[in-house]
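Structure file model_6.json (JSON, C-alpha atoms) follows.
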```json
[["chain", "number", "residue", "atom", "x", "y", "z"],
["A", 240, "MET", "CA", -168.70, -58.65, -113.83],
["A", 241, "ILE", "CA", -167.82, -60.60, -116.97],
["A", 242, "TYR", "CA", -164.46, -62.31, -117.19],
["A", 243, "ARG", "CA", -162.47, -63.45, -120.21],
["A", 244, "THR", "CA", -159.68, -65.84, -121.08],
["A", 245, "ASN", "CA", -158.10, -66.95, -124.32],
["A", 246, "TYR", "CA", -157.77, -70.42, -125.77],
["A", 247, "ALA", "CA", -155.80, -71.35, -128.87],
["A", 248, "ARG", "CA", -155.26, -74.44, -130.98],
["A", 249, "PRO", "CA", -152.67, -74.43, -133.78],
["A", 250, "GLU", "CA", -155.04, -76.20, -136.17],
["A", 251, "PHE", "CA", -157.86, -73.72, -135.61],
["A", 252, "CYS", "CA", -157.55, -70.20, -134.22],
["A", 253, "GLU", "CA", -157.51, -68.28, -130.99],
["A", 254, "VAL", "CA", -160.84, -67.88, -129.24],
["A", 255, "THR", "CA", -161.96, -65.70, -126.37],
["A", 256, "LEU", "CA", -164.11, -67.30, -123.70],
["A", 257, "ALA", "CA", -166.34, -65.17, -121.47],
["A", 258, "SER", "CA", -167.89, -66.08, -118.13],
["A", 259, "ASP", "CA", -170.11, -64.47, -115.52],
["A", 260, "GLY", "CA", -168.04, -66.27, -112.90],
["A", 261, "GLU", "CA", -170.09, -69.46, -112.96],
["A", 262, "SER", "CA", -171.21, -70.09, -116.54],
["A", 263, "ILE", "CA", -169.83, -69.65, -120.03],
["A", 264, "VAL", "CA", -171.59, -66.66, -121.61],
["A", 265, "GLY", "CA", -169.47, -66.30, -124.74],
["A", 266, "LEU", "CA", -167.00, -67.93, -127.09],
["A", 267, "TRP", "CA", -165.81, -65.86, -130.03],
["A", 268, "MET", "CA", -163.17, -66.57, -132.64],
["A", 269, "ALA", "CA", -160.53, -63.98, -133.44],
["A", 270, "GLY", "CA", -162.03, -61.52, -135.92],
["A", 271, "GLN", "CA", -165.53, -62.93, -135.59],
["A", 272, "LYS", "CA", -168.50, -60.79, -136.53],
["A", 273, "TYR", "CA", -170.46, -59.71, -133.42],
["A", 274, "PHE", "CA", -167.40, -60.39, -131.22],
["A", 275, "GLY", "CA", -168.51, -59.82, -127.62],
["A", 276, "GLY", "CA", -171.92, -58.67, -128.82],
["A", 277, "THR", "CA", -173.84, -59.96, -125.82],
["A", 278, "VAL", "CA", -171.47, -58.51, -123.23],
["A", 279, "ASP", "CA", -171.94, -54.97, -121.94],
["A", 280, "GLY", "CA", -168.73, -53.21, -120.96],
["A", 281, "GLU", "CA", -165.21, -54.49, -120.59],
["A", 282, "MET", "CA", -164.33, -58.10, -119.83],
["A", 283, "ALA", "CA", -161.80, -58.51, -117.02],
["A", 284, "PRO", "CA", -159.01, -61.04, -117.61],
["A", 285, "ASN", "CA", -159.17, -64.13, -115.41],
["A", 286, "ASP", "CA", -157.66, -67.44, -116.46],
["A", 287, "ASP", "CA", -158.53, -69.43, -113.35],
["A", 288, "LEU", "CA", -162.33, -69.73, -113.25],
["A", 289, "PRO", "CA", -163.67, -73.30, -112.98],
["A", 290, "ALA", "CA", -166.04, -72.64, -115.92],
["A", 291, "PHE", "CA", -163.03, -71.72, -118.06],
["A", 292, "MET", "CA", -161.18, -74.86, -117.01],
["A", 293, "GLN", "CA", -164.21, -76.98, -117.93],
["A", 294, "ALA", "CA", -164.61, -75.23, -121.29],
["A", 295, "LYS", "CA", -160.91, -75.56, -122.14],
["A", 296, "ASP", "CA", -161.01, -79.27, -121.30],
["A", 297, "TRP", "CA", -164.14, -79.63, -123.46],
["A", 298, "LEU", "CA", -162.43, -77.81, -126.34],
["A", 299, "ASP", "CA", -159.26, -79.91, -125.96],
["A", 300, "ARG", "CA", -161.34, -83.07, -126.30],
["A", 301, "TYR", "CA", -163.34, -81.63, -129.20],
["A", 302, "PHE", "CA", -160.25, -80.65, -131.16],
["A", 303, "ALA", "CA", -158.70, -84.07, -130.39],
["A", 304, "GLY", "CA", -161.60, -85.64, -132.31],
["A", 305, "GLU", "CA", -163.87, -86.57, -129.42],
["A", 306, "GLN", "CA", -167.53, -85.61, -129.30],
["A", 307, "PRO", "CA", -168.05, -84.17, -125.82],
["A", 308, "ALA", "CA", -171.63, -83.49, -124.76],
["A", 309, "ILE", "CA", -172.68, -79.86, -124.68],
["A", 310, "ALA", "CA", -174.56, -80.57, -121.45],
["A", 311, "GLU", "CA", -171.22, -81.05, -119.68],
["A", 312, "LEU", "CA", -170.72, -77.29, -119.68],
["A", 313, "PRO", "CA", -172.45, -74.58, -117.68],
["A", 314, "LEU", "CA", -173.72, -72.40, -120.54],
["A", 315, "LYS", "CA", -175.68, -69.18, -120.14],
["A", 316, "PRO", "CA", -176.05, -67.38, -123.48],
["A", 317, "SER", "CA", -177.79, -64.03, -123.32],
["A", 318, "GLY", "CA", -180.49, -63.25, -125.85],
["A", 319, "THR", "CA", -184.18, -62.86, -126.56],
["A", 320, "ALA", "CA", -186.54, -65.76, -125.85],
["A", 321, "PHE", "CA", -186.63, -66.50, -129.58],
["A", 322, "ARG", "CA", -182.85, -66.56, -129.93],
["A", 323, "LEU", "CA", -182.48, -68.77, -126.86],
["A", 324, "ARG", "CA", -184.98, -71.18, -128.37],
["A", 325, "VAL", "CA", -183.10, -71.32, -131.68],
["A", 326, "TRP", "CA", -179.79, -71.87, -129.85],
["A", 327, "ARG", "CA", -181.35, -74.77, -127.92],
["A", 328, "LYS", "CA", -182.34, -76.26, -131.29],
["A", 329, "LEU", "CA", -178.74, -75.92, -132.48],
["A", 330, "MET", "CA", -177.59, -77.96, -129.50],
["A", 331, "GLU", "CA", -179.81, -80.83, -130.70],
["A", 332, "ILE", "CA", -177.99, -81.16, -134.05],
["A", 333, "PRO", "CA", -175.71, -84.20, -133.78],
["A", 334, "TYR", "CA", -172.02, -84.17, -134.60],
["A", 335, "GLY", "CA", -171.37, -84.73, -138.31],
["A", 336, "CYS", "CA", -174.85, -83.60, -139.31],
["A", 337, "VAL", "CA", -176.20, -80.43, -140.85],
["A", 338, "ARG", "CA", -179.66, -78.86, -140.81],
["A", 339, "THR", "CA", -181.03, -76.04, -142.90],
["A", 340, "TYR", "CA", -182.38, -72.73, -141.67],
["A", 341, "GLY", "CA", -185.71, -73.74, -143.23],
["A", 342, "GLU", "CA", -185.82, -77.05, -141.36],
["A", 343, "LEU", "CA", -185.24, -75.28, -138.06],
["A", 344, "ALA", "CA", -187.91, -72.69, -138.91],
["A", 345, "ARG", "CA", -190.46, -75.39, -139.82],
["A", 346, "GLU", "CA", -189.71, -77.34, -136.63],
["A", 347, "ILE", "CA", -190.18, -74.30, -134.40],
["A", 348, "ALA", "CA", -193.34, -73.25, -136.26],
["A", 349, "GLN", "CA", -194.79, -76.73, -135.91],
["A", 350, "GLU", "CA", -194.06, -76.79, -132.18],
["A", 351, "ASP", "CA", -195.91, -73.47, -131.87],
["A", 352, "GLY", "CA", -198.85, -74.66, -133.96],
["A", 353, "LYS", "CA", -198.04, -72.10, -136.66],
["A", 354, "GLU", "CA", -198.12, -72.63, -140.37],
["A", 355, "LYS", "CA", -194.65, -71.17, -140.91],
["A", 356, "LEU", "CA", -191.80, -69.16, -139.48],
["A", 357, "SER", "CA", -189.28, -67.05, -141.35],
["A", 358, "SER", "CA", -186.03, -68.81, -142.19],
["A", 359, "GLN", "CA", -184.41, -65.37, -142.13],
["A", 360, "ALA", "CA", -185.48, -64.88, -138.50],
["A", 361, "VAL", "CA", -183.89, -68.21, -137.63],
["A", 362, "GLY", "CA", -180.79, -67.20, -139.61],
["A", 363, "GLY", "CA", -180.51, -63.98, -137.61],
["A", 364, "ALA", "CA", -180.63, -65.91, -134.36],
["A", 365, "VAL", "CA", -178.11, -68.48, -135.59],
["A", 366, "GLY", "CA", -175.76, -65.72, -136.74],
["A", 367, "HIS", "CA", -175.82, -64.02, -133.35],
["A", 368, "ASN", "CA", -174.99, -67.18, -131.38],
["A", 369, "PRO", "CA", -172.65, -65.93, -128.63],
["A", 370, "ILE", "CA", -171.10, -69.32, -127.85],
["A", 371, "SER", "CA", -169.66, -70.44, -131.19],
["A", 372, "VAL", "CA", -168.29, -73.95, -131.70],
["A", 373, "ILE", "CA", -169.88, -75.27, -128.47],
["A", 374, "ILE", "CA", -173.38, -74.21, -129.54],
["A", 375, "PRO", "CA", -172.92, -75.56, -133.08],
["A", 376, "CYS", "CA", -174.22, -72.84, -135.39],
["A", 377, "HIS", "CA", -171.70, -74.09, -137.97],
["A", 378, "ARG", "CA", -174.00, -77.10, -138.55],
["A", 379, "VAL", "CA", -176.66, -74.94, -140.21],
["A", 380, "VAL", "CA", -176.63, -74.45, -143.99],
["A", 381, "GLY", "CA", -178.82, -72.94, -146.67],
["A", 382, "SER", "CA", -181.66, -75.02, -148.12],
["A", 383, "ASP", "CA", -179.68, -75.38, -151.38],
["A", 384, "GLY", "CA", -176.54, -76.55, -149.55],
["A", 385, "SER", "CA", -174.89, -73.13, -149.50],
["A", 386, "LEU", "CA", -172.38, -72.55, -146.73],
["A", 387, "THR", "CA", -173.36, -69.02, -145.85],
["A", 388, "GLY", "CA", -173.98, -67.00, -142.77],
["A", 389, "TYR", "CA", -171.16, -68.02, -140.45],
["A", 390, "ALA", "CA", -169.98, -65.12, -138.29],
["A", 391, "GLY", "CA", -166.60, -66.81, -137.81],
["A", 392, "GLY", "CA", -165.99, -67.02, -141.57],
["A", 393, "ILE", "CA", -166.83, -69.62, -144.19],
["A", 394, "GLU", "CA", -163.35, -71.20, -144.04],
["A", 395, "ARG", "CA", -163.80, -71.91, -140.32],
["A", 396, "LYS", "CA", -167.30, -73.28, -140.90],
["A", 397, "ILE", "CA", -165.90, -75.70, -143.49],
["A", 398, "TRP", "CA", -163.04, -76.68, -141.16],
["A", 399, "LEU", "CA", -165.43, -77.40, -138.28],
["A", 400, "LEU", "CA", -167.80, -79.46, -140.44],
["A", 401, "GLU", "CA", -164.93, -81.49, -141.89],
["A", 402, "HIS", "CA", -163.41, -81.93, -138.42],
["A", 403, "GLU", "CA", -166.72, -83.39, -137.22],
["A", 404, "GLY", "CA", -166.89, -85.76, -140.20],
["A", 405, "ALA", "CA", -169.88, -84.13, -141.90],
["A", 406, "SER", "CA", -170.43, -85.08, -145.51],
["A", 407, "MET", "CA", -169.56, -82.10, -147.66],
["A", 408, "GLU", "CA", -171.38, -83.60, -150.65],
["A", 409, "GLY", "CA", -173.91, -81.11, -151.97],
["A", 410, "LEU", "CA", -172.52, -78.27, -149.86],
["A", 411, "TYR", "CA", -170.88, -75.33, -151.58],
["A", 412, "VAL", "CA", -169.59, -71.79, -151.06],
["A", 413, "PRO", "CA", -171.62, -69.36, -153.18],
["A", 414, "ALA", "CA", -169.73, -66.99, -155.44],
["A", 415, "CYS", "CA", -171.53, -63.96, -154.05],
["A", 416, "GLY", "CA", -174.22, -63.01, -151.58],
["A", 417, "THR", "CA", -174.96, -60.90, -148.57],
["A", 418, "ALA", "CA", -174.45, -63.71, -146.05],
["A", 419, "LEU", "CA", -170.82, -64.39, -146.93]]
```

Any chance you could give the structure as structure tokens?
Amino acid sequence: MIYRTNYARPEFCEVTLASDGESIVGLWMAGQKYFGGTVDGEMAPNDDLPAFMQAKDWLDRYFAGEQPAIAELPLKPSGTAFRLRVWRKLMEIPYGCVRTYGELAREIAQEDGKEKLSSQAVGGAVGHNPISVIIPCHRVVGSDGSLTGYAGGIERKIWLLEHEGASMEGLYVPACGTAL
């Protein structure tokens, strides 16, 4: 059984948290692309799970300007081995920093002893991150500084980066493209 609860902050938006009863398995923003994509079936409402209390406390501290450690939370995203690996890489990106899809692809390829890995494959994994905000997919940008590919919307990506104190110099929203 998968359970859900809602969490809202006036400065951001409402999010839905999902849990298997012990771990956080999802966090989706209202209107997010792939909302609930890793959950099969209905999510039963339950506001009282310890995992939800921990996540809400973490989010309260995050939105108050603190930098809580991701490791504080019991996370259990569901995905392929490749996606799980990319999501672990996302959790290594420090607050206030950005990485490119290409950098992540090169790092994973190097670890595997390969010459290269597709940035698009990494982008697909990043875009399907089921635990937004906590697993910081918003910290990944295009190699040219383009702010594309955020399932929660470009405006929210910008808000999160600015909230974390990331330098926005050299980053931009492209006028058109398939990843907007």

For a quick check of your reading of the model, name the residues lying within 9 Å of the coordinate (-190.5, -71.5, -138.1), counting all atoms listed in the file, and write them as a short mmCIF file (atom, residue, chain, number, x, y, z; two decimals) with C-alpha atoms, keeping the file's coordinate frame.
```cif
data_model
loop_
_atom_site.label_atom_id
_atom_site.label_comp_id
_atom_site.auth_asym_id
_atom_site.auth_seq_id
_atom_site.Cartn_x
_atom_site.Cartn_y
_atom_site.Cartn_z
CA TYR A 340 -182.38 -72.73 -141.67
CA GLY A 341 -185.71 -73.74 -143.23
CA GLU A 342 -185.82 -77.05 -141.36
CA LEU A 343 -185.24 -75.28 -138.06
CA ALA A 344 -187.91 -72.69 -138.91
CA ARG A 345 -190.46 -75.39 -139.82
CA GLU A 346 -189.71 -77.34 -136.63
CA ILE A 347 -190.18 -74.30 -134.40
CA ALA A 348 -193.34 -73.25 -136.26
CA GLN A 349 -194.79 -76.73 -135.91
CA GLU A 350 -194.06 -76.79 -132.18
CA ASP A 351 -195.91 -73.47 -131.87
CA LYS A 353 -198.04 -72.10 -136.66
CA GLU A 354 -198.12 -72.63 -140.37
CA LYS A 355 -194.65 -71.17 -140.91
CA LEU A 356 -191.80 -69.16 -139.48
CA SER A 357 -189.28 -67.05 -141.35
CA SER A 358 -186.03 -68.81 -142.19
CA ALA A 360 -185.48 -64.88 -138.50
CA VAL A 361 -183.89 -68.21 -137.63
#
```

**Study point:** atom CA of A:Leu399 to atom CA of A:Gly318, distance in Å rounded to a single decimal
**Key:** 24.1 Å

Point to revise | Polymer residues at most 8 Å from A:Pro313, all atoms listed in the file, same-chain spacing of 5 or more positions, as a list of chain:residue names | key: A:Glu261, A:Ser262, A:Ile263, A:Ala290

Point to revise | Atomic distance atom CA of A:Tyr301 - atom CA of A:Glu403, expressed in Å with one decimal | key: 8.9 Å

Review point. Got a sec: who's within 10 Å of A:Glu331, counting all atoms listed in the file, leaving out chain neighbours fewer than 3 positions off, as a PyMOL selection string?
Key: chain A and resi 309+326-328+334+374-375

Review point. Pick from A:Ser382, A:Gln271, A:Asn285, A:Asn245: nearest to A:Pro369, with only C-alpha atoms counted?
Key: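 Nearest to A:Pro369: A:Gln271.
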
**Study point:** Nearest-residue call for A:Gly362, choices A:Gly392, A:Phe321, A:Val254, A:Pro333, using all atoms listed in the file
**Key:** A:Phe321

**Study point:** Point-to-point distance in Å for atom CA of A:Val380 and atom CA of A:Cys415
**Key:**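 Rounded to one decimal, the two atoms are 15.4 Å apart.
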